[in-house]
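Peer 1: Take a look at query_39.txt, compact mmCIF, C-alpha atoms:
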# COMPACT_ATOMS: atom_id res chain seq x y z
CA MET A 4 -36.18 3.04 -49.29
CA THR A 5 -39.63 2.71 -47.74
CA GLU A 6 -38.28 0.56 -44.92
CA GLN A 7 -35.48 3.06 -44.27
CA ASN A 8 -37.96 5.94 -44.13
CA SER A 9 -40.13 4.01 -41.69
CA ARG A 10 -37.11 3.68 -39.40
CA GLN A 11 -36.23 7.36 -39.70
CA THR A 12 -39.71 8.76 -39.11
CA PRO A 13 -39.95 7.78 -35.43
CA ASP A 14 -36.52 9.32 -34.81
CA GLY A 15 -37.66 12.52 -36.51
CA ALA A 16 -40.89 12.55 -34.52
CA LEU A 17 -38.95 12.00 -31.30
CA LEU A 18 -36.58 14.87 -32.08
CA GLY A 19 -39.57 17.07 -32.86
CA ARG A 20 -41.14 16.26 -29.49
CA ARG A 21 -37.84 16.95 -27.71
CA ILE A 22 -37.51 20.35 -29.43
CA LEU A 23 -41.15 21.17 -28.60
CA MET A 24 -40.58 20.19 -24.96
CA SER A 25 -37.44 22.35 -24.82
CA VAL A 26 -39.26 25.38 -26.23
CA LEU A 27 -42.24 24.89 -23.92
CA GLY A 28 -39.90 24.37 -20.98
CA VAL A 29 -38.05 27.64 -21.61
CA VAL A 30 -41.26 29.62 -22.24
CA ILE A 31 -42.98 28.28 -19.11
CA CYS A 32 -39.80 28.79 -17.09
CA GLY A 33 -39.65 32.43 -18.20
CA ILE A 34 -43.28 32.95 -17.21
CA ALA A 35 -42.61 31.39 -13.80
CA VAL A 36 -39.52 33.50 -13.12
CA GLY A 37 -41.46 36.63 -14.06
CA MET A 38 -44.11 35.61 -11.53
CA PHE A 39 -41.37 35.04 -8.92
CA LYS A 40 -40.05 38.55 -9.51
CA PHE A 41 -43.54 40.04 -9.34
CA ALA A 42 -44.32 38.23 -6.07
CA ALA A 43 -41.10 39.77 -4.63
CA LEU A 44 -40.74 37.02 -2.04
CA GLY A 45 -37.46 35.50 -3.23
CA VAL A 46 -36.05 34.07 -6.46
CA ASP A 47 -33.50 31.37 -7.29
CA PRO A 48 -29.75 32.12 -6.86
CA PHE A 49 -28.99 32.93 -10.51
CA GLN A 50 -31.96 35.27 -10.74
CA THR A 51 -30.73 36.95 -7.54
CA LEU A 52 -27.50 37.74 -9.36
CA MET A 53 -29.44 38.89 -12.42
CA SER A 54 -31.61 41.15 -10.24
CA GLY A 55 -28.49 42.72 -8.78
CA LEU A 56 -27.00 43.30 -12.22
CA ASP A 57 -30.35 44.65 -13.43
CA ALA A 58 -30.35 47.16 -10.58
CA MET A 59 -26.83 48.33 -11.44
CA ILE A 60 -26.86 48.30 -15.26
CA PRO A 61 -29.35 50.61 -17.03
CA ILE A 62 -30.46 48.35 -19.90
CA ARG A 63 -33.62 46.25 -20.26
CA PHE A 64 -33.58 42.93 -18.40
CA GLY A 65 -34.02 40.75 -21.50
CA THR A 66 -30.95 42.22 -23.19
CA LEU A 67 -28.90 41.99 -19.99
CA TYR A 68 -29.86 38.32 -19.63
CA VAL A 69 -28.62 37.58 -23.14
CA ILE A 70 -25.28 39.35 -22.47
CA VAL A 71 -24.61 37.55 -19.16
CA ASN A 72 -25.52 34.16 -20.58
CA ALA A 73 -23.41 34.80 -23.70
CA VAL A 74 -20.41 35.26 -21.39
CA LEU A 75 -21.24 31.99 -19.61
CA LEU A 76 -21.73 30.32 -23.00
CA ILE A 77 -18.16 31.21 -23.94
CA PHE A 78 -17.00 29.45 -20.75
CA ALA A 79 -18.99 26.33 -21.65
CA LEU A 80 -17.74 26.32 -25.25
CA VAL A 81 -14.12 26.59 -24.10
CA PHE A 82 -14.27 23.88 -21.43
CA ASP A 83 -17.01 21.41 -22.47
CA ARG A 84 -19.09 21.87 -25.61
CA THR A 85 -21.11 18.70 -24.91
CA LYS A 86 -23.25 20.66 -22.43
CA ILE A 87 -24.45 23.00 -25.18
CA GLY A 88 -27.49 22.17 -27.29
CA ILE A 89 -30.61 23.62 -28.87
CA ALA A 90 -32.16 24.20 -25.46
CA THR A 91 -29.13 26.22 -24.37
CA LEU A 92 -29.56 28.65 -27.25
CA ILE A 93 -33.33 28.88 -26.79
CA ASN A 94 -32.74 29.66 -23.12
CA LEU A 95 -30.08 32.24 -23.92
CA PHE A 96 -32.05 34.26 -26.45
CA LEU A 97 -35.65 33.92 -25.21
CA LEU A 98 -35.78 33.49 -21.44
CA GLY A 99 -34.85 37.03 -20.38
CA TYR A 100 -37.45 38.67 -22.61
CA ILE A 101 -40.15 36.21 -21.49
CA VAL A 102 -39.32 36.99 -17.84
CA GLU A 103 -39.55 40.71 -18.59
CA PHE A 104 -42.92 40.28 -20.33
CA SER A 105 -44.33 37.98 -17.64
CA GLN A 106 -43.37 40.29 -14.77
CA GLY A 107 -44.86 43.29 -16.56
CA MET A 108 -48.07 41.41 -17.37
CA CYS A 109 -48.48 40.38 -13.72
CA GLY A 110 -48.03 44.00 -12.70
CA ARG A 111 -50.71 45.15 -15.14
CA LEU A 112 -53.18 42.44 -14.14
CA MET A 113 -52.57 42.81 -10.38
CA PRO A 114 -51.43 46.41 -9.83
CA ASP A 115 -52.21 46.48 -6.10
CA ALA A 116 -51.54 42.87 -5.16
CA SER A 117 -51.90 42.07 -1.46
CA LEU A 118 -49.41 39.89 0.39
CA VAL A 119 -51.84 36.96 0.24
CA LEU A 120 -52.19 37.30 -3.54
CA ARG A 121 -48.40 37.55 -3.93
CA VAL A 122 -48.01 34.33 -1.92
CA VAL A 123 -50.53 32.61 -4.21
CA VAL A 124 -48.63 33.86 -7.28
CA LEU A 125 -45.40 32.55 -5.75
CA LEU A 126 -46.85 29.08 -5.10
CA VAL A 127 -48.26 28.86 -8.64
CA ALA A 128 -44.89 30.01 -9.99
CA ILE A 129 -43.08 27.23 -8.09
CA VAL A 130 -45.39 24.58 -9.55
CA ILE A 131 -45.08 25.76 -13.15
CA LEU A 132 -41.32 26.26 -12.77
CA CYS A 133 -41.04 22.60 -11.77
CA LEU A 134 -43.17 21.61 -14.78
CA ALA A 135 -40.92 23.68 -17.03
CA SER A 136 -37.78 22.14 -15.54
CA SER A 137 -39.21 18.65 -16.03
CA LEU A 138 -39.90 19.29 -19.73
CA TYR A 139 -36.50 20.92 -20.22
CA PHE A 140 -34.47 18.20 -18.47
CA THR A 141 -36.38 15.28 -20.03
CA ALA A 142 -35.92 16.69 -23.54
CA ASP A 143 -32.15 16.48 -22.93
CA LEU A 144 -31.09 18.94 -25.63
CA GLY A 145 -28.54 20.90 -23.62
CA VAL A 146 -28.47 22.74 -20.31
CA SER A 147 -28.61 26.42 -19.43
CA THR A 148 -25.29 28.23 -19.42
CA TYR A 149 -25.48 28.65 -15.63
CA ASP A 150 -26.12 24.93 -15.09
CA ALA A 151 -23.15 24.20 -17.37
CA VAL A 152 -20.75 26.09 -15.08
CA SER A 153 -21.17 23.80 -12.06
CA LEU A 154 -21.41 20.68 -14.26
CA VAL A 155 -18.13 21.47 -16.04
CA TRP A 156 -16.42 22.44 -12.79
CA SER A 157 -17.39 19.17 -11.08
CA GLN A 158 -16.35 17.04 -14.05
CA ARG A 159 -12.95 18.66 -14.57
CA GLN A 160 -11.79 17.79 -11.06
CA SER A 161 -12.52 14.87 -8.74
CA ARG A 162 -12.16 16.41 -5.29
CA ILE A 163 -15.44 18.36 -5.17
CA PRO A 164 -18.71 16.59 -6.14
CA PHE A 165 -21.33 18.26 -8.30
CA ALA A 166 -23.69 18.96 -5.39
CA ILE A 167 -21.02 20.95 -3.57
CA CYS A 168 -19.98 22.75 -6.77
CA ARG A 169 -23.61 23.78 -7.27
CA VAL A 170 -23.95 24.97 -3.68
CA ILE A 171 -20.79 27.05 -4.03
CA SER A 172 -21.86 28.58 -7.35
CA ASP A 173 -25.34 29.31 -5.92
CA PHE A 174 -23.80 30.93 -2.83
CA ILE A 175 -21.55 33.10 -5.01
CA CYS A 176 -24.56 34.19 -7.09
CA VAL A 177 -26.60 35.09 -4.02
CA ALA A 178 -23.68 36.93 -2.36
CA CYS A 179 -22.90 38.89 -5.53
CA GLY A 180 -26.59 39.63 -6.08
CA ILE A 181 -26.99 40.98 -2.54
CA ALA A 182 -23.83 43.10 -2.90
CA LEU A 183 -25.04 44.55 -6.20
CA LEU A 184 -28.53 45.25 -4.87
CA ALA A 185 -27.04 46.96 -1.82
CA GLY A 186 -24.70 48.96 -4.04
CA ALA A 187 -27.66 50.05 -6.17
CA GLY A 188 -29.46 51.30 -3.06
CA ALA A 189 -32.15 48.61 -3.04
CA GLY A 190 -32.22 48.49 0.76
CA ILE A 191 -33.37 45.62 2.96
CA ALA A 192 -36.78 45.43 1.27
CA GLY A 193 -35.21 45.16 -2.18
CA ILE A 194 -32.80 42.46 -1.03
CA LEU A 195 -35.52 40.43 0.70
CA ALA A 196 -37.61 40.61 -2.47
CA ASN A 197 -34.91 38.52 -4.14
CA VAL A 198 -33.61 36.40 -1.25
CA GLY A 199 -36.63 35.32 0.78
CA ILE A 200 -39.20 32.64 1.45
CA GLY A 201 -39.51 31.86 -2.26
CA THR A 202 -35.82 30.92 -2.39
CA ILE A 203 -36.23 28.56 0.58
CA ILE A 204 -39.45 26.93 -0.70
CA THR A 205 -37.86 26.40 -4.11
CA ALA A 206 -34.85 24.68 -2.56
CA PHE A 207 -37.01 22.20 -0.61
CA PHE A 208 -39.86 21.45 -3.03
CA MET A 209 -38.46 21.65 -6.56
CA GLY A 210 -36.89 18.17 -6.49
CA PRO A 211 -40.02 16.19 -5.56
CA LEU A 212 -42.24 18.26 -7.86
CA ILE A 213 -39.88 17.87 -10.83
CA THR A 214 -39.85 14.10 -10.21
CA TYR A 215 -43.68 14.06 -10.17
CA PHE A 216 -43.89 15.96 -13.46
CA ASN A 217 -41.20 13.72 -14.98
CA VAL A 218 -43.32 10.64 -14.32
CA HIS A 219 -46.77 12.03 -15.09
CA VAL A 220 -46.14 14.65 -17.80
CA ALA A 221 -42.70 14.86 -19.41
CA GLN A 222 -41.89 11.17 -19.92
CA PRO A 223 -45.37 10.31 -21.32
CA MET A 224 -45.09 13.37 -23.59
CA LEU A 225 -41.70 12.20 -24.84
CA ARG A 226 -43.03 8.74 -25.58
CA GLY A 227 -45.96 10.24 -27.47
The structure given in the file should be rewritten as structure tokens.
Peer 2:
Amino acid sequence: MTEQNSRQTPDGALLGRRILMSVLGVVICGIAVGMFKFAALGVDPFQTLMSGLDAMIPIRFGTLYVIVNAVLLIFALVFDRTKIGIATLINLFLLGYIVEFSQGMCGRLMPDASLVLRVVVLLVAIVILCLASSLYFTADLGVSTYDAVSLVWSQRQSRIPFAICRVISDFICVACGIALLAGAGAGIAGILANVGIGTIITAFFMGPLITYFNVHVAQPMLRG
């Protein structure tokens, strides 16, 4: 019995670290997205869609995020349940409220932020978003419901590779987000706050930064 327990303990410790990394990843991701929204210099494609829906639907952002992701969760459960894990549920129920809190906190701490300060906030947000993504992906306890859509789509057919599926889904999100923002009367300034330089920087720099954090933070943390 003692020998069996000694074999099980490392597995339990590893699972505990993976859960901790998933929770930290989601929390840090929510903080980063809130900073993105505060900087108003562009967010990622899914958050562009969420901003458009937020502008059109008069409920708090955290609750709206849960509803939208619950709909996407149904899609994932119907077509490929293997993409769903603990991290998926943590993301679904916590991320929207953390984003809401983070954006509000930034507004209270920096009520009259200059453009230079907003750029600094954006750059910090990109770095910590990459750290969060590294923790989340390395823990490997499920993907977000939005990530699951393009993964399932690419795996259920062989003609279109995942990269193209992701580009198409991102384009649809951005197009729908812009349409919703325009319909809500956001104007050019409101649209550029969600589709701007931050979106472009994220597209070019997230990959290398996530790889850096994988090697120097997430993988060592997983190994203990």
Peer 1: May I have the residues within 6 Å of Val177 of chain A as a VMD selection string, using all atoms listed in the file and disregarding those fewer than 3 positions away in the same chain?
Peer 2: chain A and resid 48 51 174 180
Peer 1: Using all atoms listed in the file for the distances, tell me which of A:Met108, A:Cys32, A:Val74, A:Leu67 is nearest to Tyr149 of chain A.
Peer 2: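 Distance minimum relative to Tyr149 of chain A lands on A:Val74.
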Peer 1: For a quick check of understanding, using only C-alpha atoms, which of A:Arg169, A:Phe64, A:Ser105, A:Ile181 has the smallest distance to Gly193 of chain A?
Peer 2: A:Ile181
Peer 1: Point out the residue among A:Leu118, A:Met53, A:Ile60, A:Leu80 with the least atom-to-atom distance to Phe41 of chain A, counting all atoms listed in the file.
Peer 2: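 The shortest atom-to-atom distance to Phe41 of chain A comes from A:Leu118.
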Peer 1: Considering all atoms listed in the file, can you say which of A:Thr66, A:Ser136, A:Ser25, A:Asn197 comes closest to Pro211 of chain A?
Peer 2: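 Looking only at the distances to Pro211 of chain A, the closest residue turns out to be A:Ser136.
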Peer 1: Could you please determine the separation between atom CA of Ile175 of chain A and atom CA of Trp156 of chain A in Å, to one decimal place?
Peer 2: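 Rounded to one decimal, the two atoms are 14.2 Å apart.
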Peer 1: If you count all atoms listed in the file, which residues fall within 10 Å of Ile203 of chain A, apart from same-chain ones fewer than 4 positions away, as an mmCIF file with C-alpha atoms, in the coordinates of the input?
Peer 2:
data_model
loop_
_atom_site.group_PDB
_atom_site.id
_atom_site.type_symbol
_atom_site.label_atom_id
_atom_site.label_comp_id
_atom_site.auth_asym_id
_atom_site.auth_seq_id
_atom_site.Cartn_x
_atom_site.Cartn_y
_atom_site.Cartn_z
ATOM 1 C CA LEU A 44 -40.740 37.020 -2.040
ATOM 2 C CA GLY A 45 -37.460 35.500 -3.230
ATOM 3 C CA VAL A 46 -36.050 34.070 -6.460
ATOM 4 C CA ASP A 47 -33.500 31.370 -7.290
ATOM 5 C CA VAL A 198 -33.610 36.400 -1.250
ATOM 6 C CA GLY A 199 -36.630 35.320 0.780
ATOM 7 C CA PHE A 207 -37.010 22.200 -0.610
ATOM 8 C CA PHE A 208 -39.860 21.450 -3.030
#
Peer 1: Tell me which of A:Leu120, A:Ala189, A:Ala206, A:Ala142 sits closest to Arg226 of chain A, counting all atoms listed in the file.
Peer 2: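 Nearest to Arg226 of chain A: A:Ala142.
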Peer 1: From the set A:Gly15, A:Ala42, A:Ile22, A:Thr214, which residue has the shortest atom-to-atom contact distance to Val119 of chain A, counting only C-alpha atoms?
Peer 2: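 Closest residue, counting only C-alpha atoms: A:Ala42.
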Peer 1: To one decimal in Å, tell me the separation between atom CA of Leu75 of chain A and atom CA of Ala151 of chain A.
Peer 2: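 Rounded to one decimal, the two atoms are 8.3 Å apart.
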Peer 1: Quick one: everything within 12 Å of Val170 of chain A, counting all atoms listed in the file, minus sequence neighbours fewer than 5 positions away in the same chain. Send it as a PyMOL selection string.
Peer 2: chain A and resi 48-49+150+152-154+157+163-165+175-177+206
Peer 1: Report, in Å to a single decimal, how far apart atom CA of Phe39 of chain A and atom CA of Pro223 of chain A are.
Peer 2: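 One can read the atom CA of Pro223 of chain A to atom CA of Phe39 of chain A distance as 28.0 Å.
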